[in-house]
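Enquirer: What follows is input_35.pdb, PDB, C-alpha atoms.
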```pdb
ATOM      1  CA  MET A  30     -10.962 -14.082 -28.367
ATOM      2  CA  ILE A  31      -8.680 -11.087 -27.784
ATOM      3  CA  GLN A  32      -5.157 -12.069 -26.712
ATOM      4  CA  LEU A  33      -3.774  -9.593 -24.179
ATOM      5  CA  SER A  34      -0.085  -8.755 -24.068
ATOM      6  CA  ASP A  35       1.893  -9.296 -20.852
ATOM      7  CA  ASN A  36       1.856  -5.556 -20.196
ATOM      8  CA  MET A  37      -1.925  -5.335 -20.590
ATOM      9  CA  ARG A  38      -2.466  -8.377 -18.364
ATOM     10  CA  GLY A  39      -0.169  -6.833 -15.768
ATOM     11  CA  ALA A  40      -2.042  -3.524 -15.965
ATOM     12  CA  LEU A  41      -5.386  -5.318 -15.597
ATOM     13  CA  LEU A  42      -4.143  -7.257 -12.574
ATOM     14  CA  MET A  43      -2.826  -4.056 -11.003
ATOM     15  CA  CYS A  44      -6.206  -2.362 -11.526
ATOM     16  CA  VAL A  45      -8.027  -5.318  -9.965
ATOM     17  CA  SER A  46      -5.572  -5.353  -7.043
ATOM     18  CA  MET A  47      -6.056  -1.637  -6.342
ATOM     19  CA  ALA A  48      -9.832  -1.952  -6.657
ATOM     20  CA  ALA A  49      -9.840  -4.886  -4.207
ATOM     21  CA  PHE A  50      -7.714  -3.006  -1.671
ATOM     22  CA  THR A  51     -10.048   0.001  -1.919
ATOM     23  CA  PHE A  52     -13.220  -2.092  -1.601
ATOM     24  CA  GLY A  53     -11.647  -3.783   1.429
ATOM     25  CA  ASP A  54     -10.907  -0.390   2.989
ATOM     26  CA  ALA A  55     -14.481   0.706   2.292
ATOM     27  CA  SER A  56     -15.795  -2.431   4.010
ATOM     28  CA  ILE A  57     -13.774  -1.609   7.119
ATOM     29  CA  LYS A  58     -14.883   2.012   7.056
ATOM     30  CA  ALA A  59     -18.502   0.831   6.813
ATOM     31  CA  THR A  60     -18.185  -0.812  10.231
ATOM     32  CA  GLY A  61     -18.257   2.734  11.583
ATOM     33  CA  GLY A  62     -16.068   1.888  14.564
ATOM     34  CA  ASP A  63     -18.702  -0.505  15.957
ATOM     35  CA  LEU A  64     -15.998  -3.168  16.128
ATOM     36  CA  PRO A  65     -12.761  -2.652  18.103
ATOM     37  CA  LEU A  66      -9.946  -2.186  15.611
ATOM     38  CA  SER A  67      -7.843  -4.866  17.299
ATOM     39  CA  GLN A  68     -10.664  -7.414  17.009
ATOM     40  CA  LEU A  69     -11.164  -6.533  13.350
ATOM     41  CA  LEU A  70      -7.448  -6.924  12.619
ATOM     42  CA  VAL A  71      -7.263 -10.289  14.405
ATOM     43  CA  ILE A  72     -10.200 -11.761  12.473
ATOM     44  CA  ARG A  73      -9.139 -10.351   9.113
ATOM     45  CA  GLY A  74      -5.484 -11.168   9.741
ATOM     46  CA  ALA A  75      -6.109 -14.798  10.763
ATOM     47  CA  LEU A  76      -8.240 -15.508   7.695
ATOM     48  CA  ALA A  77      -5.936 -13.615   5.336
ATOM     49  CA  SER A  78      -2.816 -15.300   6.763
ATOM     50  CA  ALA A  79      -4.342 -18.759   6.234
ATOM     51  CA  ALA A  80      -5.166 -17.864   2.628
ATOM     52  CA  LEU A  81      -1.696 -16.408   2.026
ATOM     53  CA  ILE A  82      -0.001 -19.517   3.410
ATOM     54  CA  ALA A  83      -2.091 -21.686   1.080
ATOM     55  CA  MET A  84      -1.229 -19.350  -1.791
ATOM     56  CA  ALA A  85       2.486 -19.471  -0.951
ATOM     57  CA  LEU A  86       2.445 -23.278  -0.849
ATOM     58  CA  TYR A  87       0.600 -23.422  -4.175
ATOM     59  CA  PHE A  88       3.078 -21.094  -5.890
ATOM     60  CA  ASN A  89       6.028 -22.720  -4.072
ATOM     61  CA  GLY A  90       6.800 -19.332  -2.593
ATOM     62  CA  LEU A  91       7.261 -20.210   1.080
ATOM     63  CA  LYS A  92      10.911 -20.425   2.061
ATOM     64  CA  LEU A  93      11.992 -20.814   5.685
ATOM     65  CA  ARG A  94      15.744 -21.358   5.373
ATOM     66  CA  LEU A  95      16.875 -17.763   5.138
ATOM     67  CA  PRO A  96      19.932 -15.785   6.267
ATOM     68  CA  ALA A  97      19.652 -14.197   9.720
ATOM     69  CA  GLN A  98      19.852 -10.734   8.181
ATOM     70  CA  ASP A  99      16.801 -11.424   6.024
ATOM     71  CA  TRP A 100      14.838 -12.693   9.022
ATOM     72  CA  ALA A 101      15.664  -9.458  10.861
ATOM     73  CA  LEU A 102      14.481  -7.430   7.867
ATOM     74  CA  ILE A 103      11.281  -9.468   7.576
ATOM     75  CA  LEU A 104      10.590  -8.874  11.279
ATOM     76  CA  GLY A 105      11.227  -5.152  10.854
ATOM     77  CA  ARG A 106       8.967  -5.044   7.821
ATOM     78  CA  GLY A 107       6.207  -6.816   9.726
ATOM     79  CA  LEU A 108       6.418  -4.337  12.611
ATOM     80  CA  ALA A 109       6.258  -1.440  10.148
ATOM     81  CA  GLU A 110       3.239  -3.086   8.495
ATOM     82  CA  ALA A 111       1.505  -3.450  11.865
ATOM     83  CA  THR A 112       2.195   0.203  12.702
ATOM     84  CA  ALA A 113       0.901   1.284   9.303
ATOM     85  CA  ALA A 114      -2.271  -0.810   9.701
ATOM     86  CA  TYR A 115      -3.038   0.815  13.054
ATOM     87  CA  PHE A 116      -2.531   4.389  11.852
ATOM     88  CA  PHE A 117      -4.167   3.887   8.453
ATOM     89  CA  LEU A 118      -7.321   2.189   9.725
ATOM     90  CA  THR A 119      -7.673   4.675  12.581
ATOM     91  CA  ALA A 120      -7.484   7.524  10.061
ATOM     92  CA  LEU A 121      -9.794   5.675   7.662
ATOM     93  CA  LEU A 122     -12.585   5.492  10.243
ATOM     94  CA  ALA A 123     -12.422   9.262  10.794
ATOM     95  CA  MET A 124     -11.529  10.713   7.370
ATOM     96  CA  PRO A 125     -13.119  10.582   3.908
ATOM     97  CA  LEU A 126     -11.989   7.475   2.030
ATOM     98  CA  ALA A 127     -10.610   9.459  -0.919
ATOM     99  CA  ASN A 128      -8.540  11.757   1.332
ATOM    100  CA  VAL A 129      -6.758   8.872   3.066
ATOM    101  CA  THR A 130      -6.242   7.049  -0.226
ATOM    102  CA  ALA A 131      -4.850  10.186  -1.881
ATOM    103  CA  LEU A 132      -2.274  10.635   0.886
ATOM    104  CA  LEU A 133      -1.106   7.033   0.428
ATOM    105  CA  GLN A 134      -0.337   7.854  -3.197
ATOM    106  CA  MET A 135       2.635   9.803  -1.818
ATOM    107  CA  LEU A 136       4.523   6.514  -1.434
ATOM    108  CA  PRO A 137       6.602   6.604  -4.652
ATOM    109  CA  LEU A 138       7.774  10.066  -3.618
ATOM    110  CA  THR A 139       8.421   9.304   0.065
ATOM    111  CA  VAL A 140      10.244   6.065  -0.789
ATOM    112  CA  THR A 141      12.460   7.971  -3.239
ATOM    113  CA  LEU A 142      13.093  10.592  -0.550
ATOM    114  CA  GLY A 143      13.848   7.925   2.065
ATOM    115  CA  GLY A 144      16.202   6.110  -0.280
ATOM    116  CA  ALA A 145      18.122   9.331  -0.881
ATOM    117  CA  LEU A 146      18.343  10.320   2.797
ATOM    118  CA  VAL A 147      18.851   6.902   4.406
ATOM    119  CA  PHE A 148      20.640   4.855   1.759
ATOM    120  CA  ARG A 149      22.324   7.725  -0.119
ATOM    121  CA  GLU A 150      20.699   6.657  -3.382
ATOM    122  CA  ALA A 151      21.307   9.030  -6.268
ATOM    123  CA  VAL A 152      18.321  11.271  -6.998
ATOM    124  CA  GLY A 153      18.518  13.832  -9.789
ATOM    125  CA  TRP A 154      16.977  17.280  -9.875
ATOM    126  CA  ARG A 155      13.916  16.051 -11.782
ATOM    127  CA  ARG A 156      12.851  13.624  -9.058
ATOM    128  CA  TRP A 157      13.758  16.110  -6.322
ATOM    129  CA  SER A 158      11.437  18.582  -8.052
ATOM    130  CA  ALA A 159       8.695  15.922  -8.220
ATOM    131  CA  ILE A 160       9.099  15.230  -4.486
ATOM    132  CA  ILE A 161       8.819  18.914  -3.564
ATOM    133  CA  ILE A 162       5.790  19.477  -5.805
ATOM    134  CA  GLY A 163       4.197  16.276  -4.490
ATOM    135  CA  PHE A 164       4.567  17.489  -0.907
ATOM    136  CA  VAL A 165       2.813  20.699  -1.903
ATOM    137  CA  GLY A 166      -0.073  18.507  -3.089
ATOM    138  CA  MET A 167      -0.039  16.731   0.270
ATOM    139  CA  LEU A 168      -0.294  20.077   2.096
ATOM    140  CA  LEU A 169      -3.322  20.989  -0.012
ATOM    141  CA  ILE A 170      -5.036  17.822   1.249
ATOM    142  CA  VAL A 171      -4.233  18.030   4.983
ATOM    143  CA  ARG A 172      -4.059  21.861   5.165
ATOM    144  CA  PRO A 173      -2.224  22.220   8.499
ATOM    145  CA  GLY A 174      -3.347  25.140  10.627
ATOM    146  CA  THR A 175      -6.954  24.941   9.456
ATOM    147  CA  ASP A 176     -10.051  23.363  10.992
ATOM    148  CA  GLY A 177      -9.713  20.478   8.543
ATOM    149  CA  PHE A 178      -6.392  19.437  10.062
ATOM    150  CA  THR A 179      -7.304  16.959  12.805
ATOM    151  CA  SER A 180      -5.683  14.098  14.670
ATOM    152  CA  ALA A 181      -6.941  11.825  11.889
ATOM    153  CA  SER A 182      -4.768  13.797   9.439
ATOM    154  CA  VAL A 183      -1.768  13.116  11.659
ATOM    155  CA  TYR A 184      -2.647   9.406  11.783
ATOM    156  CA  ALA A 185      -2.831   9.306   7.983
ATOM    157  CA  LEU A 186       0.595  10.946   7.658
ATOM    158  CA  CYS A 187       2.000   8.503  10.241
ATOM    159  CA  ALA A 188       0.612   5.670   8.117
ATOM    160  CA  VAL A 189       2.446   7.059   5.077
ATOM    161  CA  ALA A 190       5.658   7.230   7.111
ATOM    162  CA  ALA A 191       5.232   3.651   8.380
ATOM    163  CA  VAL A 192       4.528   2.263   4.885
ATOM    164  CA  THR A 193       7.562   4.159   3.596
ATOM    165  CA  VAL A 194       9.715   2.440   6.224
ATOM    166  CA  ARG A 195       8.155  -0.891   5.252
ATOM    167  CA  ASP A 196       8.995  -0.401   1.575
ATOM    168  CA  LEU A 197      12.531   0.794   2.310
ATOM    169  CA  VAL A 198      13.139  -2.285   4.473
ATOM    170  CA  THR A 199      11.690  -4.476   1.717
ATOM    171  CA  ARG A 200      14.298  -3.114  -0.695
ATOM    172  CA  ARG A 201      17.030  -4.511   1.564
ATOM    173  CA  VAL A 202      15.637  -8.049   1.664
ATOM    174  CA  SER A 203      17.846 -10.249  -0.512
ATOM    175  CA  LYS A 204      16.623 -11.606  -3.847
ATOM    176  CA  VAL A 205      16.663 -15.189  -2.535
ATOM    177  CA  VAL A 206      13.575 -14.461  -0.414
ATOM    178  CA  PRO A 207      10.312 -15.022  -2.360
ATOM    179  CA  SER A 208       7.915 -12.098  -2.203
ATOM    180  CA  LEU A 209       5.163 -14.397  -0.930
ATOM    181  CA  THR A 210       7.331 -15.417   2.034
ATOM    182  CA  VAL A 211       7.697 -11.753   2.994
ATOM    183  CA  THR A 212       3.953 -11.160   2.564
ATOM    184  CA  VAL A 213       2.977 -14.215   4.629
ATOM    185  CA  PHE A 214       5.151 -13.314   7.601
ATOM    186  CA  SER A 215       4.093  -9.668   7.481
ATOM    187  CA  SER A 216       0.458 -10.755   7.680
ATOM    188  CA  VAL A 217       1.219 -13.123  10.569
ATOM    189  CA  ILE A 218       3.125 -10.406  12.469
ATOM    190  CA  VAL A 219       0.253  -7.927  12.036
ATOM    191  CA  THR A 220      -2.185 -10.563  13.331
ATOM    192  CA  LEU A 221       0.000 -11.328  16.364
ATOM    193  CA  PHE A 222       0.387  -7.593  17.057
ATOM    194  CA  ALA A 223      -3.393  -7.159  16.915
ATOM    195  CA  GLY A 224      -3.873 -10.202  19.136
ATOM    196  CA  LEU A 225      -1.621  -8.755  21.852
ATOM    197  CA  TRP A 226      -3.372  -5.392  21.531
ATOM    198  CA  SER A 227      -6.802  -7.013  21.807
ATOM    199  CA  ILE A 228      -5.956  -8.427  25.247
ATOM    200  CA  GLU A 229      -6.515  -4.941  26.666
ATOM    201  CA  GLN A 230      -9.851  -4.530  24.878
ATOM    202  CA  ASP A 231     -13.210  -6.200  25.267
ATOM    203  CA  TRP A 232     -14.390  -8.010  22.168
ATOM    204  CA  VAL A 233     -17.930  -7.269  21.049
ATOM    205  CA  ALA A 234     -20.522  -9.693  19.714
ATOM    206  CA  MET A 235     -20.491 -10.006  15.937
ATOM    207  CA  THR A 236     -23.799  -8.932  14.435
ATOM    208  CA  PRO A 237     -24.751 -10.231  10.966
ATOM    209  CA  ARG A 238     -23.885  -6.818   9.478
ATOM    210  CA  LEU A 239     -20.431  -6.700  11.089
ATOM    211  CA  THR A 240     -19.745 -10.328  10.165
ATOM    212  CA  MET A 241     -20.610  -9.621   6.545
ATOM    213  CA  LEU A 242     -18.403  -6.496   6.439
ATOM    214  CA  VAL A 243     -15.401  -8.241   8.014
ATOM    215  CA  LEU A 244     -15.749 -11.191   5.637
ATOM    216  CA  MET A 245     -15.986  -8.767   2.718
ATOM    217  CA  ALA A 246     -12.874  -6.913   3.890
ATOM    218  CA  THR A 247     -11.003 -10.201   4.251
ATOM    219  CA  THR A 248     -12.100 -11.513   0.838
ATOM    220  CA  PHE A 249     -11.092  -8.285  -0.878
ATOM    221  CA  VAL A 250      -7.670  -8.139   0.787
ATOM    222  CA  ILE A 251      -6.955 -11.780  -0.163
ATOM    223  CA  CYS A 252      -7.945 -11.019  -3.765
ATOM    224  CA  ALA A 253      -5.753  -7.909  -3.697
ATOM    225  CA  TYR A 254      -2.725  -9.838  -2.433
ATOM    226  CA  LEU A 255      -3.240 -12.582  -5.019
ATOM    227  CA  CYS A 256      -3.414 -10.077  -7.878
ATOM    228  CA  SER A 257      -0.425  -8.095  -6.592
ATOM    229  CA  VAL A 258       1.654 -11.291  -6.523
ATOM    230  CA  MET A 259       0.553 -12.195 -10.038
ATOM    231  CA  VAL A 260       1.441  -8.683 -11.221
ATOM    232  CA  MET A 261       5.083  -9.387 -10.401
ATOM    233  CA  ARG A 262       5.036 -12.304 -12.838
ATOM    234  CA  VAL A 263       3.823 -10.430 -15.935
ATOM    235  CA  GLY A 264       4.462  -7.088 -17.610
ATOM    236  CA  GLU A 265       7.120  -4.433 -17.274
ATOM    237  CA  VAL A 266       7.190  -2.503 -14.002
ATOM    238  CA  SER A 267       7.484   0.836 -15.825
ATOM    239  CA  PHE A 268       4.235   0.112 -17.704
ATOM    240  CA  VAL A 269       2.265  -1.534 -14.898
ATOM    241  CA  ALA A 270       3.221   0.572 -11.837
ATOM    242  CA  PRO A 271       1.305   3.776 -12.769
ATOM    243  CA  PHE A 272      -1.947   1.793 -12.781
ATOM    244  CA  ARG A 273      -1.695   1.637  -8.983
ATOM    245  CA  TYR A 274      -3.305   5.089  -8.973
ATOM    246  CA  THR A 275      -6.606   3.632 -10.185
ATOM    247  CA  GLY A 276      -7.242   2.916  -6.515
ATOM    248  CA  LEU A 277      -7.856   6.638  -6.032
ATOM    249  CA  VAL A 278     -10.578   6.572  -8.701
ATOM    250  CA  TRP A 279     -12.339   3.758  -6.849
ATOM    251  CA  ALA A 280     -11.958   5.653  -3.568
ATOM    252  CA  LEU A 281     -13.681   8.686  -5.105
ATOM    253  CA  ILE A 282     -16.514   6.545  -6.485
ATOM    254  CA  LEU A 283     -17.069   4.512  -3.301
ATOM    255  CA  GLY A 284     -16.695   7.559  -1.083
ATOM    256  CA  PHE A 285     -19.458   9.332  -3.011
ATOM    257  CA  LEU A 286     -21.843   6.407  -3.534
ATOM    258  CA  VAL A 287     -21.464   4.621  -0.183
ATOM    259  CA  PHE A 288     -20.548   7.344   2.304
ATOM    260  CA  GLY A 289     -21.839  10.495   0.598
ATOM    261  CA  GLU A 290     -18.347  12.019   0.607
ATOM    262  CA  TRP A 291     -16.830  14.203  -2.064
ATOM    263  CA  PRO A 292     -13.446  15.914  -1.566
ATOM    264  CA  GLU A 293     -13.163  19.687  -1.561
ATOM    265  CA  PRO A 294     -11.654  21.334  -4.662
ATOM    266  CA  LEU A 295      -8.295  21.913  -2.928
ATOM    267  CA  THR A 296      -8.173  18.223  -1.980
ATOM    268  CA  LEU A 297      -8.823  17.189  -5.573
ATOM    269  CA  ILE A 298      -6.107  19.535  -6.805
ATOM    270  CA  GLY A 299      -3.690  18.152  -4.219
ATOM    271  CA  ALA A 300      -4.549  14.568  -5.192
ATOM    272  CA  THR A 301      -4.006  15.376  -8.877
ATOM    273  CA  ILE A 302      -0.595  16.870  -8.097
ATOM    274  CA  ILE A 303       0.402  13.808  -6.054
ATOM    275  CA  VAL A 304      -0.682  11.402  -8.790
ATOM    276  CA  ALA A 305       1.092  13.376 -11.526
ATOM    277  CA  THR A 306       4.372  13.644  -9.618
ATOM    278  CA  GLY A 307       4.130  10.026  -8.458
ATOM    279  CA  VAL A 308       3.672   8.738 -12.003
ATOM    280  CA  PHE A 309       6.599  10.879 -13.153
ATOM    281  CA  SER A 310       8.794   9.530 -10.348
ATOM    282  CA  LEU A 311       7.902   5.905 -11.176
ATOM    283  CA  LEU A 312       8.555   6.374 -14.894
ATOM    284  CA  ARG A 313      11.794   8.254 -14.277
ATOM    285  CA  GLU A 314      13.088   5.556 -11.917
ATOM    286  CA  ALA A 315      12.244   2.847 -14.456
ATOM    287  CA  GLN A 316      14.026   4.823 -17.172
ATOM    288  CA  LEU A 317      17.165   5.136 -15.060
ATOM    289  CA  LYS A 318      17.130   1.403 -14.275
ATOM    290  CA  ARG A 319      16.862   0.540 -17.967
ATOM    291  CA  ARG A 320      19.724   2.904 -18.732
ATOM    292  CA  ALA A 321      21.872   1.311 -15.994
ATOM    293  CA  ARG A 322      21.222  -2.185 -17.374
ATOM    294  CA  LYS A 323      22.042  -1.158 -20.945
ATOM    295  CA  PRO A 324      25.524  -2.444 -21.863
ATOM    296  CA  ILE A 325      28.127   0.127 -22.758
ATOM    297  CA  LEU A 326      29.566  -0.792 -26.147
ATOM    298  CA  PRO A 327      33.246  -0.160 -26.745
ATOM    299  CA  ARG A 328      33.991   2.764 -28.998
ATOM    300  CA  GLN A 329      34.989   1.745 -32.476
ATOM    301  CA  PRO A 330      38.515   2.748 -33.466
TER
END
```
Mind converting the file's structure to structure tokens?

Expert:
Amino acid sequence: MIQLSDNMRGALLMCVSMAAFTFGDASIKATGGDLPLSQLLVIRGALASAALIAMALYFNGLKLRLPAQDWALILGRGLAEATAAYFFLTALLAMPLANVTALLQMLPLTVTLGGALVFREAVGWRRWSAIIIGFVGMLLIVRPGTDGFTSASVYALCAVAAVTVRDLVTRRVSKVVPSLTVTVFSSVIVTLFAGLWSIEQDWVAMTPRLTMLVLMATTFVICAYLCSVMVMRVGEVSFVAPFRYTGLVWALILGFLVFGEWPEPLTLIGATIIVATGVFSLLREAQLKRRARKPILPRQP
């Protein structure tokens, strides 16, 4: 039996996580808007939250005694997650799966940009260049000023902005807070947000098809969360992180096979640019972190 290294196991888990997230998104898109988004989020969120709590208890990753500052950050992260879920799923129901997924691949670049602008983190000319080139790729996908630029494009960009805020807030949560604790409360906050939103909407009867799709979406997102947590326990971030872009491959495959969608050439070029600059940014950041951790030896006399 082949023995995989930690890096290869981490890469495999990352690939499975990204595939599960994408299959979950496809399941939601397949509902075709027949289910109110708030109702969908409440059902998926309640089931996913229960599974995450069980997971956190199993891994001993649920910690409630936290500093007030961390609780404030967790609340802020949850609100950003809820905002992102609304914008992303609204865009997902109206845009090709691959287009929305490609725009989300901007995150390594937007988080780097946000860290530089908000937290004054040092960013060299190489990563600045990657950010600028990556934004050019984004413009090739949304193409503002053309017929292809719709309100759904704006929703997708708002989702990117909200997830960027979420990730920037996450960076400020102290190391004493387990990642599963953050994930559990974010899921609960999204579910509560959807529950309040659903008060204004009439719930519809669940047909067998809708029930199956919601259960599929929930199962996939639970699997994705489980794998993403396990990823943090094995492998080097610099090796594993670039495999997050395999989600775009799955989005292209599912978009074509399930929904009959195939991106236009400009969209594919834009997605390629975003992936290339995102991978560069991730590798460059990992390189700088390794260099910062490397001890400086005293010069020999």

Enquirer: Within 8 Å of A:Leu104, counting only C-alpha atoms, which residues qualify if same-chain residues fewer than 4 places away don't, as JSON, numbers by chain?

Expert: {"A": [100, 108, 214, 215, 218]}

Enquirer: Please produce an output containing C-alpha atoms for each residue in the selection, written as a PDB file, in the coordinates of the input.

Expert:
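This is the output file again_7.pdb:
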```pdb
ATOM      1  CA  TRP A 100      14.838 -12.693   9.022  1.00  0.00           C
ATOM      2  CA  LEU A 108       6.418  -4.337  12.611  1.00  0.00           C
ATOM      3  CA  PHE A 214       5.151 -13.314   7.601  1.00  0.00           C
ATOM      4  CA  SER A 215       4.093  -9.668   7.481  1.00  0.00           C
ATOM      5  CA  ILE A 218       3.125 -10.406  12.469  1.00  0.00           C
TER       6      ILE A 218
END
```

Enquirer: Could you spell out the hits of the PyMOL selection byres ((chain A and resi 72) around 12) on the shown file, as a ChimeraX atom specification?

Expert: /A:64-71,73-79,216-217,219-221,223-224,227,232,235,239-240,242-248

Enquirer: With a cut-off of 8 Å, could you pull out the residues of stretch 128-158 of chain A touching stretch 185-201 of chain A and give me the nearest pair of atoms for each, distance in Å to one decimal, using all atoms listed in the file, ordered by chain and ascending number, as JSON lines?

Expert:
```
{"residue": "A:Val129", "atom": "CA", "partner": "A:Ala185", "partner_atom": "CA", "distance": 6.3}
{"residue": "A:Leu132", "atom": "CA", "partner": "A:Ala185", "partner_atom": "CA", "distance": 7.2}
{"residue": "A:Leu133", "atom": "CA", "partner": "A:Val189", "partner_atom": "CA", "distance": 5.9}
{"residue": "A:Met135", "atom": "CA", "partner": "A:Val189", "partner_atom": "CA", "distance": 7.4}
{"residue": "A:Leu136", "atom": "CA", "partner": "A:Thr193", "partner_atom": "CA", "distance": 6.3}
{"residue": "A:Thr139", "atom": "CA", "partner": "A:Thr193", "partner_atom": "CA", "distance": 6.3}
{"residue": "A:Val140", "atom": "CA", "partner": "A:Thr193", "partner_atom": "CA", "distance": 5.5}
{"residue": "A:Gly143", "atom": "CA", "partner": "A:Leu197", "partner_atom": "CA", "distance": 7.3}
{"residue": "A:Gly144", "atom": "CA", "partner": "A:Leu197", "partner_atom": "CA", "distance": 7.0}
```

Enquirer: With C-alpha atoms retained, could you export that selection as a compact mmCIF listing (two decimals), keeping the file's coordinate frame?

Expert:
```
# COMPACT_ATOMS: atom_id res chain seq x y z
CA VAL A 129 -6.76 8.87 3.07
CA LEU A 132 -2.27 10.64 0.89
CA LEU A 133 -1.11 7.03 0.43
CA MET A 135 2.64 9.80 -1.82
CA LEU A 136 4.52 6.51 -1.43
CA THR A 139 8.42 9.30 0.06
CA VAL A 140 10.24 6.06 -0.79
CA GLY A 143 13.85 7.92 2.06
CA GLY A 144 16.20 6.11 -0.28
```

Enquirer: Find, counting all atoms listed in the file, the residue in A:Gly289, A:Pro294, A:Leu225, A:Leu91 that gets nearest to A:Ala111.

Expert: A:Leu225

Enquirer: Provide the atom CA of A:Pro173 to atom CA of A:Leu118 distance in Å, to one decimal place.

Expert: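 Atom CA of A:Leu118 lies 20.7 Å from atom CA of A:Pro173.
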
Enquirer: At a cut-off of 9 Å, using only C-alpha atoms, what residues contact stretch 264-281 of chain A? Leave out same-chain residues fewer than 4 positions from it and give the result as JSON, numbers by chain.

Expert: {"A": [34, 35, 36, 37, 38, 39, 40, 41, 42, 43, 44, 45, 46, 47, 48, 49, 50, 51, 52, 54, 55, 126, 127, 128, 130, 131, 134, 260, 285, 286, 290, 291, 292, 300, 304, 307, 308, 309, 311, 312, 313, 314, 315, 316]}

Enquirer: For the residues in the current selection, export C-alpha atoms as an mmCIF file, in the frame of the given file.

Expert:
```
data_model
loop_
_atom_site.group_PDB
_atom_site.id
_atom_site.type_symbol
_atom_site.label_atom_id
_atom_site.label_comp_id
_atom_site.auth_asym_id
_atom_site.auth_seq_id
_atom_site.Cartn_x
_atom_site.Cartn_y
_atom_site.Cartn_z
ATOM 1 C CA SER A 34 -0.085 -8.755 -24.068
ATOM 2 C CA ASP A 35 1.893 -9.296 -20.852
ATOM 3 C CA ASN A 36 1.856 -5.556 -20.196
ATOM 4 C CA MET A 37 -1.925 -5.335 -20.590
ATOM 5 C CA ARG A 38 -2.466 -8.377 -18.364
ATOM 6 C CA GLY A 39 -0.169 -6.833 -15.768
ATOM 7 C CA ALA A 40 -2.042 -3.524 -15.965
ATOM 8 C CA LEU A 41 -5.386 -5.318 -15.597
ATOM 9 C CA LEU A 42 -4.143 -7.257 -12.574
ATOM 10 C CA MET A 43 -2.826 -4.056 -11.003
ATOM 11 C CA CYS A 44 -6.206 -2.362 -11.526
ATOM 12 C CA VAL A 45 -8.027 -5.318 -9.965
ATOM 13 C CA SER A 46 -5.572 -5.353 -7.043
ATOM 14 C CA MET A 47 -6.056 -1.637 -6.342
ATOM 15 C CA ALA A 48 -9.832 -1.952 -6.657
ATOM 16 C CA ALA A 49 -9.840 -4.886 -4.207
ATOM 17 C CA PHE A 50 -7.714 -3.006 -1.671
ATOM 18 C CA THR A 51 -10.048 0.001 -1.919
ATOM 19 C CA PHE A 52 -13.220 -2.092 -1.601
ATOM 20 C CA ASP A 54 -10.907 -0.390 2.989
ATOM 21 C CA ALA A 55 -14.481 0.706 2.292
ATOM 22 C CA LEU A 126 -11.989 7.475 2.030
ATOM 23 C CA ALA A 127 -10.610 9.459 -0.919
ATOM 24 C CA ASN A 128 -8.540 11.757 1.332
ATOM 25 C CA THR A 130 -6.242 7.049 -0.226
ATOM 26 C CA ALA A 131 -4.850 10.186 -1.881
ATOM 27 C CA GLN A 134 -0.337 7.854 -3.197
ATOM 28 C CA VAL A 260 1.441 -8.683 -11.221
ATOM 29 C CA PHE A 285 -19.458 9.332 -3.011
ATOM 30 C CA LEU A 286 -21.843 6.407 -3.534
ATOM 31 C CA GLU A 290 -18.347 12.019 0.607
ATOM 32 C CA TRP A 291 -16.830 14.203 -2.064
ATOM 33 C CA PRO A 292 -13.446 15.914 -1.566
ATOM 34 C CA ALA A 300 -4.549 14.568 -5.192
ATOM 35 C CA VAL A 304 -0.682 11.402 -8.790
ATOM 36 C CA GLY A 307 4.130 10.026 -8.458
ATOM 37 C CA VAL A 308 3.672 8.738 -12.003
ATOM 38 C CA PHE A 309 6.599 10.879 -13.153
ATOM 39 C CA LEU A 311 7.902 5.905 -11.176
ATOM 40 C CA LEU A 312 8.555 6.374 -14.894
ATOM 41 C CA ARG A 313 11.794 8.254 -14.277
ATOM 42 C CA GLU A 314 13.088 5.556 -11.917
ATOM 43 C CA ALA A 315 12.244 2.847 -14.456
ATOM 44 C CA GLN A 316 14.026 4.823 -17.172
#
```

Enquirer: Given the file shown, enumerate the residues that the PyMOL selection byres ((chain A and resi 152-162) around 6) captures and present them as a PyMOL selection string.

Expert: chain A and resi 138+151+163-165+306+310

Enquirer: Please identify all polymer residues within 8 Å of A:Leu209, counting only C-alpha atoms, omitting same-chain residues fewer than 6 positions from it, and present them as a ChimeraX atom specification.

Expert: /A:81,85,90-91,258

Enquirer: Quick one, how far is atom CA of A:Tyr87 from atom CA of A:Leu102?

Expert: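 Going from atom CA of A:Tyr87 over to atom CA of A:Leu102, I get 24.4 Å.
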
Enquirer: Between A:Leu283, A:Ala113, A:Val263, A:Met84, which residue has the minimum interatomic distance to A:Thr212, considering all atoms listed in the file?

Expert: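 Ranked by minimum distance to A:Thr212, first place goes to A:Met84.
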
Enquirer: Calculated over all atoms listed in the file, which of the candidates A:Ile302, A:Val171, A:Met124, A:Cys252 has the smallest distance to A:Gly53?

Expert: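 Ranking A:Ile302, A:Val171, A:Met124, A:Cys252 by distance to A:Gly53, first place goes to A:Cys252.
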
Enquirer: Ranking A:Thr119, A:Pro137, A:Arg106, A:Ala97 by minimum distance to A:Ala305 and counting all atoms listed in the file, which one comes first?

Expert: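 Using all atoms listed in the file, A:Ala305 sits closest to A:Pro137.
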
Enquirer: Using Å and a single decimal, report how far atom CA of A:Arg172 sits from atom CA of A:Ile303.

Expert: 14.5 Å
